[in-house]
$ cat data20.cif   # mmCIF, C-alpha atoms and all ligand atoms
data_my_file
loop_
_atom_site.label_atom_id
_atom_site.label_comp_id
_atom_site.auth_asym_id
_atom_site.auth_seq_id
_atom_site.Cartn_x
_atom_site.Cartn_y
_atom_site.Cartn_z
CA MET A 14 166.81 -93.35 236.68
CA ASP A 15 163.96 -95.77 236.58
CA THR A 16 160.93 -94.90 234.48
CA LYS A 17 157.80 -96.85 235.39
CA PHE A 18 155.39 -97.74 232.61
CA ILE A 19 151.62 -97.35 232.74
CA VAL A 20 149.96 -98.90 229.70
CA LEU A 21 146.34 -97.97 228.98
CA THR A 22 144.36 -100.53 226.98
CA GLY A 23 140.65 -100.84 226.26
CA THR A 24 138.05 -101.03 223.55
CA ALA A 25 137.74 -98.33 220.89
CA GLY A 26 136.42 -95.12 222.37
CA SER A 27 136.68 -96.32 225.98
CA GLY A 28 138.62 -93.18 226.91
CA LYS A 29 142.32 -94.19 226.75
CA SER A 30 143.59 -90.99 225.14
CA THR A 31 141.48 -88.78 227.40
CA LEU A 32 142.70 -90.70 230.46
CA THR A 33 146.31 -90.47 229.24
CA ALA A 34 145.92 -86.69 229.24
CA ALA A 35 144.11 -86.52 232.58
CA LEU A 36 146.27 -88.99 234.51
CA ALA A 37 149.52 -87.47 233.21
CA ARG A 38 148.32 -84.00 234.19
CA PHE A 39 147.25 -85.30 237.60
CA MET A 40 150.63 -86.92 238.27
CA GLU A 41 152.55 -83.88 237.05
CA GLU A 42 150.60 -81.65 239.39
CA ARG A 43 151.87 -83.88 242.20
CA GLY A 44 155.49 -83.45 241.19
CA SER A 45 156.19 -86.39 238.85
CA ILE A 46 157.85 -86.10 235.47
CA VAL A 47 155.55 -87.85 233.02
CA ALA A 48 156.20 -88.87 229.42
CA ARG A 49 153.08 -89.33 227.34
CA VAL A 50 153.56 -91.84 224.54
CA ASN A 51 151.20 -92.29 221.64
CA LEU A 52 151.41 -95.87 220.41
CA ASP A 53 148.55 -95.51 217.93
CA PRO A 54 149.85 -95.11 214.35
CA ALA A 55 146.34 -94.27 213.15
CA ALA A 56 145.52 -91.59 215.74
CA GLU A 57 144.23 -88.41 214.20
CA LYS A 58 143.86 -85.94 217.04
CA LEU A 59 145.21 -86.43 220.54
CA PRO A 60 144.03 -84.58 223.66
CA TYR A 61 147.67 -84.27 224.87
CA ASP A 62 151.03 -83.32 223.51
CA PRO A 63 153.00 -86.59 223.21
CA ALA A 64 156.64 -86.71 224.32
CA VAL A 65 157.03 -89.66 221.97
CA ASP A 66 154.74 -90.34 219.04
CA VAL A 67 154.92 -93.50 216.94
CA ARG A 68 153.37 -91.61 214.05
CA SER A 69 156.80 -90.12 213.48
CA TYR A 70 158.06 -93.68 212.79
CA VAL A 71 155.18 -95.39 210.99
CA SER A 72 151.85 -94.34 209.56
CA ALA A 73 148.82 -96.53 209.04
CA ALA A 74 147.94 -94.35 206.03
CA SER A 75 151.05 -95.45 204.13
CA PHE A 76 149.98 -99.09 204.50
CA MET A 77 146.55 -98.17 203.17
CA GLU A 78 148.19 -96.57 200.15
CA GLU A 79 149.80 -99.96 199.53
CA GLY A 80 146.32 -101.46 199.29
CA LEU A 81 145.46 -102.60 202.82
CA GLY A 82 142.12 -101.75 204.40
CA PRO A 83 142.00 -99.65 207.60
CA ASN A 84 142.13 -102.61 210.01
CA GLY A 85 144.85 -104.47 208.13
CA ALA A 86 146.86 -101.25 207.78
CA LEU A 87 146.74 -100.61 211.52
CA ILE A 88 147.89 -104.16 212.27
CA ALA A 89 150.72 -103.90 209.73
CA ALA A 90 151.76 -100.50 211.10
CA VAL A 91 151.87 -101.79 214.70
CA ASP A 92 153.77 -104.92 213.60
CA SER A 93 156.33 -102.75 211.82
CA LEU A 94 156.98 -100.76 215.01
CA ILE A 95 159.17 -103.61 216.26
CA GLU A 96 161.90 -102.27 213.94
CA TYR A 97 161.92 -98.93 215.75
CA VAL A 98 161.41 -100.03 219.30
CA ASP A 99 164.99 -99.29 220.43
CA SER A 100 164.79 -95.72 219.08
CA ILE A 101 161.40 -95.24 220.71
CA ARG A 102 162.78 -96.50 224.03
CA SER A 103 165.81 -94.16 223.72
CA GLU A 104 163.44 -91.27 223.15
CA ILE A 105 161.49 -92.23 226.27
CA ASP A 106 164.72 -92.59 228.30
CA GLU A 107 165.91 -89.14 227.23
CA TYR A 108 162.81 -87.75 228.88
CA LYS A 109 164.07 -89.01 232.27
CA ALA A 110 160.48 -89.44 233.37
CA ASP A 111 159.22 -90.96 236.60
CA TYR A 112 156.28 -92.39 234.69
CA CYS A 113 155.68 -93.16 231.06
CA VAL A 114 151.98 -93.35 230.15
CA ILE A 115 151.38 -95.33 226.96
CA ASP A 116 148.19 -94.62 225.02
CA THR A 117 147.32 -97.55 222.75
CA PRO A 118 145.08 -98.12 219.70
CA GLY A 119 141.49 -99.12 220.46
CA GLN A 120 141.50 -102.09 218.14
CA LEU A 121 141.84 -104.62 220.93
CA GLU A 122 142.41 -107.46 218.50
CA LEU A 123 145.97 -106.11 218.39
CA PHE A 124 146.50 -107.03 222.04
CA ALA A 125 144.16 -109.98 222.47
CA TYR A 126 144.75 -111.93 219.25
CA ARG A 127 147.85 -110.73 217.44
CA TYR A 128 151.57 -111.04 218.03
CA GLY A 129 152.78 -107.54 217.13
CA ALA A 130 151.41 -105.28 219.87
CA PRO A 131 152.39 -107.48 222.87
CA LEU A 132 155.87 -107.93 221.35
CA VAL A 133 156.29 -104.20 220.79
CA LEU A 134 155.21 -103.43 224.36
CA LYS A 135 157.51 -106.10 225.79
CA ALA A 136 160.47 -104.80 223.79
CA LEU A 137 159.67 -101.25 224.84
CA ILE A 138 159.22 -101.93 228.55
CA ARG A 139 162.14 -104.42 228.83
CA ASP A 140 162.66 -105.10 232.51
CA SER A 141 161.22 -101.82 233.77
CA GLN A 142 158.30 -101.91 236.15
CA ALA A 143 154.97 -101.76 234.39
CA VAL A 144 151.24 -102.04 234.90
CA ASN A 145 148.41 -102.40 232.42
CA VAL A 146 145.28 -100.38 233.13
CA PHE A 147 142.37 -101.97 231.26
CA LEU A 148 139.43 -99.66 230.58
CA ILE A 149 135.94 -101.12 230.56
CA ASP A 150 133.60 -98.58 229.00
CA ALA A 151 130.86 -97.40 231.39
CA VAL A 152 128.22 -98.25 228.81
CA PHE A 153 128.95 -101.99 229.15
CA VAL A 154 128.43 -102.12 232.88
CA ASP A 155 124.79 -103.13 232.98
CA THR A 156 123.78 -106.75 232.41
CA ALA A 157 125.63 -109.82 233.68
CA ALA A 158 126.25 -110.81 230.04
CA ASN A 159 127.92 -107.50 229.20
CA ILE A 160 129.98 -107.36 232.36
CA VAL A 161 131.21 -110.93 231.97
CA SER A 162 131.98 -110.31 228.31
CA ALA A 163 134.04 -107.21 229.20
CA LEU A 164 135.90 -109.08 231.96
CA THR A 165 136.65 -111.98 229.64
CA LEU A 166 138.15 -109.54 227.15
CA ALA A 167 140.13 -107.96 229.99
CA SER A 168 141.44 -111.42 230.89
CA SER A 169 142.46 -112.12 227.25
CA VAL A 170 144.54 -108.95 227.25
CA ALA A 171 146.05 -109.83 230.64
CA LEU A 172 147.00 -113.28 229.37
CA ARG A 173 148.71 -111.85 226.29
CA LEU A 174 150.56 -108.98 227.97
CA GLY A 175 151.54 -110.79 231.14
CA LEU A 176 151.62 -107.52 233.07
CA PRO A 177 149.94 -106.86 236.41
CA GLN A 178 146.60 -105.39 235.47
CA VAL A 179 144.17 -102.97 237.06
CA ASN A 180 140.66 -103.17 235.65
CA VAL A 181 138.78 -99.87 235.67
CA VAL A 182 135.38 -98.67 234.50
CA SER A 183 136.02 -95.50 232.50
CA LYS A 184 133.68 -92.48 232.12
CA ALA A 185 132.47 -93.06 235.69
CA ASP A 186 130.81 -89.63 235.61
CA ILE A 187 128.07 -91.01 233.33
CA LEU A 188 127.33 -94.06 235.48
CA LEU A 189 124.04 -94.30 237.34
CA PRO A 190 124.69 -93.75 241.07
CA GLU A 191 123.55 -97.27 241.98
CA VAL A 192 125.91 -98.81 239.41
CA ARG A 193 128.79 -96.67 240.59
CA GLU A 194 128.22 -97.01 244.32
CA GLU A 195 126.67 -100.43 244.69
CA LEU A 196 127.47 -102.60 241.68
CA ILE A 197 131.08 -101.76 240.74
CA PRO A 198 132.53 -102.00 244.27
CA ARG A 199 131.09 -105.53 244.55
CA LEU A 200 132.33 -106.86 241.19
CA GLY A 201 135.30 -108.73 242.68
CA GLU A 202 133.20 -110.21 245.47
CA PRO A 203 132.84 -114.01 245.19
CA GLY A 204 129.39 -114.95 243.88
CA PHE A 205 128.39 -111.40 242.93
CA LEU A 206 128.27 -112.03 239.16
CA GLU A 207 126.12 -115.12 239.74
CA TYR A 208 123.85 -112.99 241.90
CA LEU A 209 123.49 -110.46 239.05
CA LEU A 210 122.72 -113.30 236.68
CA GLU A 211 120.08 -114.70 239.02
CA LYS A 212 118.24 -111.36 238.93
CA ASP A 213 118.33 -111.32 235.12
CA LYS A 214 115.51 -113.45 233.79
CA THR A 215 116.11 -112.46 230.15
CA VAL A 216 119.00 -114.86 229.50
CA GLU A 217 118.30 -118.55 229.25
CA GLY A 218 119.71 -121.87 228.13
CA TRP A 219 123.26 -122.11 226.85
CA ARG A 220 123.83 -118.33 227.15
CA ARG A 221 123.04 -118.49 230.82
CA ALA A 222 125.29 -121.50 231.30
CA LEU A 223 128.12 -119.79 229.43
CA ILE A 224 127.83 -116.55 231.41
CA GLU A 225 127.87 -118.57 234.61
CA ALA A 226 130.91 -120.59 233.58
CA LEU A 227 132.87 -117.53 232.43
CA ALA A 228 131.90 -115.58 235.55
CA ASN A 229 133.09 -118.50 237.61
CA ALA A 230 136.37 -118.70 235.74
CA VAL A 231 137.33 -115.03 236.16
CA GLU A 232 136.04 -114.99 239.72
CA SER A 233 137.49 -118.21 241.05
CA VAL A 234 141.07 -117.19 240.31
CA GLY A 235 140.33 -113.72 241.66
CA PHE A 236 141.11 -112.12 238.28
CA ILE A 237 138.64 -109.26 238.64
CA GLY A 238 140.35 -107.60 241.58
CA GLU A 239 139.23 -104.22 242.82
CA VAL A 240 137.53 -102.54 239.86
CA LEU A 241 137.89 -98.77 240.09
CA PRO A 242 135.39 -96.31 238.62
CA VAL A 243 137.53 -93.69 236.85
CA SER A 244 136.55 -90.43 235.21
CA ALA A 245 138.94 -88.14 233.40
CA ARG A 246 136.72 -85.35 234.74
CA GLU A 247 136.99 -86.23 238.44
CA ASP A 248 140.32 -85.86 240.19
CA GLU A 249 139.24 -88.01 243.18
CA THR A 250 138.96 -90.98 240.83
CA LEU A 251 142.35 -90.21 239.29
CA ALA A 252 143.79 -90.10 242.82
CA ALA A 253 142.36 -93.57 243.52
CA LEU A 254 143.79 -94.91 240.26
CA TYR A 255 147.19 -93.35 240.93
CA ALA A 256 147.24 -94.89 244.42
CA LYS A 257 146.33 -98.29 242.97
CA ILE A 258 149.05 -98.01 240.32
CA GLN A 259 151.61 -97.16 242.98
CA GLN A 260 150.44 -100.10 245.09
CA VAL A 261 150.78 -102.45 242.13
CA LEU A 262 154.20 -101.14 241.14
CA ALA A 263 155.43 -101.35 244.73
CA GLY A 264 154.31 -104.99 244.81
CA GLY A 265 156.60 -105.77 241.86
CA ASP A 266 156.43 -109.29 240.57
CA ASP A 267 154.55 -110.44 243.65
CA TYR A 268 151.51 -108.38 242.76
CA ARG A 269 148.67 -110.25 241.13
CA VAL A 270 145.63 -108.84 239.40
CA TYR A 271 143.59 -110.78 241.82
CA ASP A 272 144.22 -108.95 245.04
CA ALA A 273 140.54 -108.73 245.99
CA LYS A 274 140.46 -112.33 247.03
CA PRO A 275 143.82 -114.06 247.08
CA PRO A 276 143.52 -117.75 246.22
CA GLU A 277 143.62 -120.04 249.24
CA GLU A 278 147.06 -121.33 250.10
CA SER A 279 147.23 -125.01 249.22
N1 LIG B 1 131.83 -88.45 230.11
C1 LIG B 1 133.09 -88.82 229.85
N2 LIG B 1 133.48 -88.94 228.58
C2 LIG B 1 134.75 -89.33 228.35
C3 LIG B 1 135.66 -89.62 229.39
N3 LIG B 1 136.82 -90.02 228.83
C4 LIG B 1 136.64 -89.97 227.51
N4 LIG B 1 135.40 -89.55 227.20
C5 LIG B 1 134.84 -89.34 225.85
O1 LIG B 1 134.82 -90.57 225.15
C6 LIG B 1 135.15 -90.38 223.79
C7 LIG B 1 136.33 -91.24 223.42
O2 LIG B 1 137.46 -90.83 224.17
P1 LIG B 1 138.94 -91.16 223.72
O3 LIG B 1 139.83 -90.71 224.82
O4 LIG B 1 139.22 -90.66 222.37
O5 LIG B 1 138.87 -92.74 223.68
P2 LIG B 1 139.99 -93.75 223.15
O6 LIG B 1 139.85 -94.98 223.97
O7 LIG B 1 141.31 -93.09 223.13
O8 LIG B 1 139.49 -94.01 221.67
P3 LIG B 1 140.29 -94.73 220.47
O9 LIG B 1 141.70 -94.24 220.51
O10 LIG B 1 139.54 -94.33 219.26
O11 LIG B 1 140.17 -96.19 220.75
C8 LIG B 1 135.43 -88.88 223.64
O12 LIG B 1 134.25 -88.26 223.15
C9 LIG B 1 135.74 -88.43 225.04
O13 LIG B 1 135.41 -87.08 225.28
C10 LIG B 1 135.20 -89.47 230.74
O14 LIG B 1 135.91 -89.71 231.73
N5 LIG B 1 133.91 -89.06 230.91
MG MG B 2 142.69 -92.88 221.56
#
$ encode --input "data20.cif" --output "structure tokens"
Amino acid sequence: MDTKFIVLTGTAGSGKSTLTAALARFMEERGSIVARVNLDPAAEKLPYDPAVDVRSYVSAASFMEEGLGPNGALIAAVDSLIEYVDSIRSEIDEYKADYCVIDTPGQLELFAYRYGAPLVLKALIRDSQAVNVFLIDAVFVDTAANIVSALTLASSVALRLGLPQVNVVSKADILLPEVREELIPRLGEPGFLEYLLEKDKTVEGWRRALIEALANAVESVGFIGEVLPVSAREDETLAALYAKIQQVLAGGDDYRVYDAKPPEES
């Protein structure tokens, strides 16, 4: 029995827990056994019933009682999960799921700049197949500066986790139609970010140069890939995400984030 892992990462409030609930429900309705895992020791309320919940192993509150502030306590709690990772994995295995959806804390520093969370995920996933779905909040998809900033963060997480990654824009139901239908589908297109920047006369000088350089960096290696608009409220978008996840998992180690424009063979 081979459980496949779907990790959901993204900024605080980007919709990870809601998408965990919606995607798991969607996959179950199509016949899969799905284990929902809450990896957030500081979660208060979850919109799903977790099969495995790290709050039964560690609590961020207990670290706060020892004198840490809320951010430090969350980091310490996630770091301490490494001690329990084998038990957590056994719990997941007992579920005999086709898919394990992992809902993560929104403090992205954990994944982009700390050791604990990537180590915990690695130890949990072992050599099972896995994909990271990175959620870009719909509210950031407007200016070239915001889009490039979100994609750079997405690339930091990809670098640290080393998993194939699908970048999605969450809460697609609140996007303006032109953003959803015209902007997002073109994000992975070579030169499109520069084109957005050209239209934006409000950024100048070093900010403009930096946006251009970062856009170039994520674009030239094809990191952006096909960015999917996803809404927990629209099953068609969940179907597209599920299909993409299956495509990525089927590709195994050969899959690269950058499937929109594969780099030229040298
Ligand atoms: N319109 C809309 N709102 C959404 C969607 N998904 C989530 N939300 C809302 O966004 C807010 C945050 O959602 P969560 O699922 O808690 O986000 P999260 O990423 O788990 O948040 P943290 O765990 O705090 O980082 C809630 O008010 C949700 O109802 C969506 O697809 N569409
Ligand atoms: Mg959450």
$ atom_distance --input "data20.cif" --atom1 "atom CA of Asp53 of chain A" --atom2 "atom CA of Val182 of chain A"
21.4 Å
$ axis_aligned_box --input "data20.cif" --around "ligand LIG 1 (chain B)" --padding-each-side "6 Å" --output "lines of an AutoDock Vina configuration file"
center_x = 136.8
center_y = -91.6
center_z = 225.5
size_x = 21.9
size_y = 21.1
size_z = 24.5
$ atom_distance --input "data20.cif" --atom1 "atom CA of Ala110 of chain A" --atom2 "atom O3 of ligand LIG 1 (chain B)"
22.4 Å
$ closest_residue --input "data20.cif" --among "A:Glu249, A:Glu42, A:Asp62, A:Asp116" --to "ligand MG 2 (chain B)" --atoms "only C-alpha atoms and all ligand atoms"
A:Asp116
$ residues_near_ligand --input "data20.cif" --ligand "ligand LIG 1 (chain B)" --cutoff "10 Å" --atoms "all atoms listed in the file" --output "PDB file with C-alpha atoms, in the coordinates of the input"
ATOM      1  CA  LEU A  21     146.340 -97.970 228.980  1.00  0.00           C
ATOM      2  CA  THR A  22     144.360-100.530 226.980  1.00  0.00           C
ATOM      3  CA  GLY A  23     140.650-100.840 226.260  1.00  0.00           C
ATOM      4  CA  THR A  24     138.050-101.030 223.550  1.00  0.00           C
ATOM      5  CA  ALA A  25     137.740 -98.330 220.890  1.00  0.00           C
ATOM      6  CA  GLY A  26     136.420 -95.120 222.370  1.00  0.00           C
ATOM      7  CA  SER A  27     136.680 -96.320 225.980  1.00  0.00           C
ATOM      8  CA  GLY A  28     138.620 -93.180 226.910  1.00  0.00           C
ATOM      9  CA  LYS A  29     142.320 -94.190 226.750  1.00  0.00           C
ATOM     10  CA  SER A  30     143.590 -90.990 225.140  1.00  0.00           C
ATOM     11  CA  THR A  31     141.480 -88.780 227.400  1.00  0.00           C
ATOM     12  CA  LEU A  32     142.700 -90.700 230.460  1.00  0.00           C
ATOM     13  CA  THR A  33     146.310 -90.470 229.240  1.00  0.00           C
ATOM     14  CA  ALA A  34     145.920 -86.690 229.240  1.00  0.00           C
ATOM     15  CA  ALA A  35     144.110 -86.520 232.580  1.00  0.00           C
ATOM     16  CA  ASN A  51     151.200 -92.290 221.640  1.00  0.00           C
ATOM     17  CA  LEU A  52     151.410 -95.870 220.410  1.00  0.00           C
ATOM     18  CA  ASP A  53     148.550 -95.510 217.930  1.00  0.00           C
ATOM     19  CA  ALA A  55     146.340 -94.270 213.150  1.00  0.00           C
ATOM     20  CA  ALA A  56     145.520 -91.590 215.740  1.00  0.00           C
ATOM     21  CA  GLU A  57     144.230 -88.410 214.200  1.00  0.00           C
ATOM     22  CA  LYS A  58     143.860 -85.940 217.040  1.00  0.00           C
ATOM     23  CA  LEU A  59     145.210 -86.430 220.540  1.00  0.00           C
ATOM     24  CA  PRO A  60     144.030 -84.580 223.660  1.00  0.00           C
ATOM     25  CA  ASP A 116     148.190 -94.620 225.020  1.00  0.00           C
ATOM     26  CA  THR A 117     147.320 -97.550 222.750  1.00  0.00           C
ATOM     27  CA  PRO A 118     145.080 -98.120 219.700  1.00  0.00           C
ATOM     28  CA  GLY A 119     141.490 -99.120 220.460  1.00  0.00           C
ATOM     29  CA  GLN A 120     141.500-102.090 218.140  1.00  0.00           C
ATOM     30  CA  LEU A 121     141.840-104.620 220.930  1.00  0.00           C
ATOM     31  CA  LEU A 148     139.430 -99.660 230.580  1.00  0.00           C
ATOM     32  CA  ILE A 149     135.940-101.120 230.560  1.00  0.00           C
ATOM     33  CA  ASP A 150     133.600 -98.580 229.000  1.00  0.00           C
ATOM     34  CA  ALA A 151     130.860 -97.400 231.390  1.00  0.00           C
ATOM     35  CA  VAL A 182     135.380 -98.670 234.500  1.00  0.00           C
ATOM     36  CA  SER A 183     136.020 -95.500 232.500  1.00  0.00           C
ATOM     37  CA  LYS A 184     133.680 -92.480 232.120  1.00  0.00           C
ATOM     38  CA  ALA A 185     132.470 -93.060 235.690  1.00  0.00           C
ATOM     39  CA  ASP A 186     130.810 -89.630 235.610  1.00  0.00           C
ATOM     40  CA  ILE A 187     128.070 -91.010 233.330  1.00  0.00           C
ATOM     41  CA  LEU A 188     127.330 -94.060 235.480  1.00  0.00           C
ATOM     42  CA  PRO A 242     135.390 -96.310 238.620  1.00  0.00           C
ATOM     43  CA  VAL A 243     137.530 -93.690 236.850  1.00  0.00           C
ATOM     44  CA  SER A 244     136.550 -90.430 235.210  1.00  0.00           C
ATOM     45  CA  ALA A 245     138.940 -88.140 233.400  1.00  0.00           C
ATOM     46  CA  ARG A 246     136.720 -85.350 234.740  1.00  0.00           C
ATOM     47  CA  GLU A 247     136.990 -86.230 238.440  1.00  0.00           C
ATOM     48  CA  THR A 250     138.960 -90.980 240.830  1.00  0.00           C
ATOM     49  CA  LEU A 251     142.350 -90.210 239.290  1.00  0.00           C
TER      50      LEU A 251
END
$ residues_around --input "data20.cif" --residues "Val20 of chain A" --least-positions-apart "4" --cutoff "12 Å" --atoms "only C-alpha atoms" --output "JSON, numbers by chain"
{"A": [29, 30, 32, 33, 36, 37, 48, 49, 50, 51, 52, 112, 113, 114, 115, 116, 117, 118, 124, 130, 131, 134, 135, 137, 138, 142, 143, 144, 145, 146, 147, 148, 170, 171, 174, 176, 177, 178, 179, 180, 258]}
$ atom_distance --input "data20.cif" --atom1 "atom CA of Val152 of chain A" --atom2 "atom CA of Leu262 of chain A"
28.9 Å
$ decode --input "data20.cif" --residues "segment 68-86 of chain A" --atoms "N, CA, C and O atoms" --output "PDB file, in the first residue's frame"
ATOM      1  N   ARG A  68      -1.419  18.096  17.218  1.00  0.00           N
ATOM      2  CA  ARG A  68      -1.722  18.693  18.522  1.00  0.00           C
ATOM      3  C   ARG A  68      -1.850  17.629  19.613  1.00  0.00           C
ATOM      4  O   ARG A  68      -1.798  17.939  20.785  1.00  0.00           O
ATOM      5  N   SER A  69      -2.003  16.371  19.194  1.00  0.00           N
ATOM      6  CA  SER A  69      -2.029  15.342  20.237  1.00  0.00           C
ATOM      7  C   SER A  69      -0.600  14.940  20.648  1.00  0.00           C
ATOM      8  O   SER A  69      -0.409  14.184  21.580  1.00  0.00           O
ATOM      9  N   TYR A  70       0.411  15.471  19.947  1.00  0.00           N
ATOM     10  CA  TYR A  70       1.808  15.207  20.325  1.00  0.00           C
ATOM     11  C   TYR A  70       2.447  16.425  20.988  1.00  0.00           C
ATOM     12  O   TYR A  70       3.128  16.305  21.985  1.00  0.00           O
ATOM     13  N   VAL A  71       2.258  17.586  20.370  1.00  0.00           N
ATOM     14  CA  VAL A  71       2.882  18.803  20.922  1.00  0.00           C
ATOM     15  C   VAL A  71       1.865  19.948  20.889  1.00  0.00           C
ATOM     16  O   VAL A  71       0.961  19.954  20.048  1.00  0.00           O
ATOM     17  N   SER A  72       2.042  20.889  21.807  1.00  0.00           N
ATOM     18  CA  SER A  72       1.165  22.061  21.735  1.00  0.00           C
ATOM     19  C   SER A  72       2.011  23.322  21.827  1.00  0.00           C
ATOM     20  O   SER A  72       2.948  23.416  22.632  1.00  0.00           O
ATOM     21  N   ALA A  73       1.707  24.266  20.955  1.00  0.00           N
ATOM     22  CA  ALA A  73       2.444  25.530  20.970  1.00  0.00           C
ATOM     23  C   ALA A  73       2.197  26.236  22.305  1.00  0.00           C
ATOM     24  O   ALA A  73       3.086  26.904  22.842  1.00  0.00           O
ATOM     25  N   ALA A  74       0.992  26.045  22.872  1.00  0.00           N
ATOM     26  CA  ALA A  74       0.637  26.729  24.123  1.00  0.00           C
ATOM     27  C   ALA A  74       1.598  26.342  25.248  1.00  0.00           C
ATOM     28  O   ALA A  74       1.987  27.188  26.062  1.00  0.00           O
ATOM     29  N   SER A  75       2.021  25.067  25.278  1.00  0.00           N
ATOM     30  CA  SER A  75       2.894  24.657  26.380  1.00  0.00           C
ATOM     31  C   SER A  75       4.253  25.358  26.280  1.00  0.00           C
ATOM     32  O   SER A  75       4.873  25.660  27.294  1.00  0.00           O
ATOM     33  N   PHE A  76       4.697  25.645  25.038  1.00  0.00           N
ATOM     34  CA  PHE A  76       5.956  26.386  24.901  1.00  0.00           C
ATOM     35  C   PHE A  76       5.774  27.845  25.314  1.00  0.00           C
ATOM     36  O   PHE A  76       6.699  28.479  25.805  1.00  0.00           O
ATOM     37  N   MET A  77       4.566  28.366  25.121  1.00  0.00           N
ATOM     38  CA  MET A  77       4.313  29.747  25.556  1.00  0.00           C
ATOM     39  C   MET A  77       4.306  29.819  27.074  1.00  0.00           C
ATOM     40  O   MET A  77       4.775  30.790  27.664  1.00  0.00           O
ATOM     41  N   GLU A  78       3.794  28.759  27.696  1.00  0.00           N
ATOM     42  CA  GLU A  78       3.796  28.739  29.177  1.00  0.00           C
ATOM     43  C   GLU A  78       5.221  28.749  29.713  1.00  0.00           C
ATOM     44  O   GLU A  78       5.484  29.223  30.811  1.00  0.00           O
ATOM     45  N   GLU A  79       6.148  28.210  28.890  1.00  0.00           N
ATOM     46  CA  GLU A  79       7.559  28.214  29.320  1.00  0.00           C
ATOM     47  C   GLU A  79       8.231  29.557  29.044  1.00  0.00           C
ATOM     48  O   GLU A  79       9.421  29.723  29.252  1.00  0.00           O
ATOM     49  N   GLY A  80       7.471  30.510  28.509  1.00  0.00           N
ATOM     50  CA  GLY A  80       8.003  31.863  28.357  1.00  0.00           C
ATOM     51  C   GLY A  80       8.251  32.320  26.932  1.00  0.00           C
ATOM     52  O   GLY A  80       8.667  33.453  26.717  1.00  0.00           O
ATOM     53  N   LEU A  81       8.019  31.454  25.942  1.00  0.00           N
ATOM     54  CA  LEU A  81       8.233  31.894  24.560  1.00  0.00           C
ATOM     55  C   LEU A  81       7.033  32.709  24.074  1.00  0.00           C
ATOM     56  O   LEU A  81       5.904  32.494  24.509  1.00  0.00           O
ATOM     57  N   GLY A  82       7.288  33.589  23.112  1.00  0.00           N
ATOM     58  CA  GLY A  82       6.193  34.327  22.484  1.00  0.00           C
ATOM     59  C   GLY A  82       5.516  33.422  21.459  1.00  0.00           C
ATOM     60  O   GLY A  82       6.000  32.314  21.187  1.00  0.00           O
ATOM     61  N   PRO A  83       4.403  33.880  20.856  1.00  0.00           N
ATOM     62  CA  PRO A  83       3.647  33.006  19.956  1.00  0.00           C
ATOM     63  C   PRO A  83       4.441  32.482  18.756  1.00  0.00           C
ATOM     64  O   PRO A  83       4.310  31.316  18.385  1.00  0.00           O
ATOM     65  N   ASN A  84       5.308  33.327  18.170  1.00  0.00           N
ATOM     66  CA  ASN A  84       6.062  32.867  17.006  1.00  0.00           C
ATOM     67  C   ASN A  84       7.153  31.877  17.402  1.00  0.00           C
ATOM     68  O   ASN A  84       7.315  30.834  16.778  1.00  0.00           O
ATOM     69  N   GLY A  85       7.862  32.220  18.473  1.00  0.00           N
ATOM     70  CA  GLY A  85       8.921  31.327  18.966  1.00  0.00           C
ATOM     71  C   GLY A  85       8.329  29.999  19.419  1.00  0.00           C
ATOM     72  O   GLY A  85       8.923  28.932  19.192  1.00  0.00           O
ATOM     73  N   ALA A  86       7.165  30.047  20.047  1.00  0.00           N
ATOM     74  CA  ALA A  86       6.530  28.818  20.550  1.00  0.00           C
ATOM     75  C   ALA A  86       6.143  27.904  19.389  1.00  0.00           C
ATOM     76  O   ALA A  86       6.322  26.684  19.464  1.00  0.00           O
TER      77      ALA A  86
END
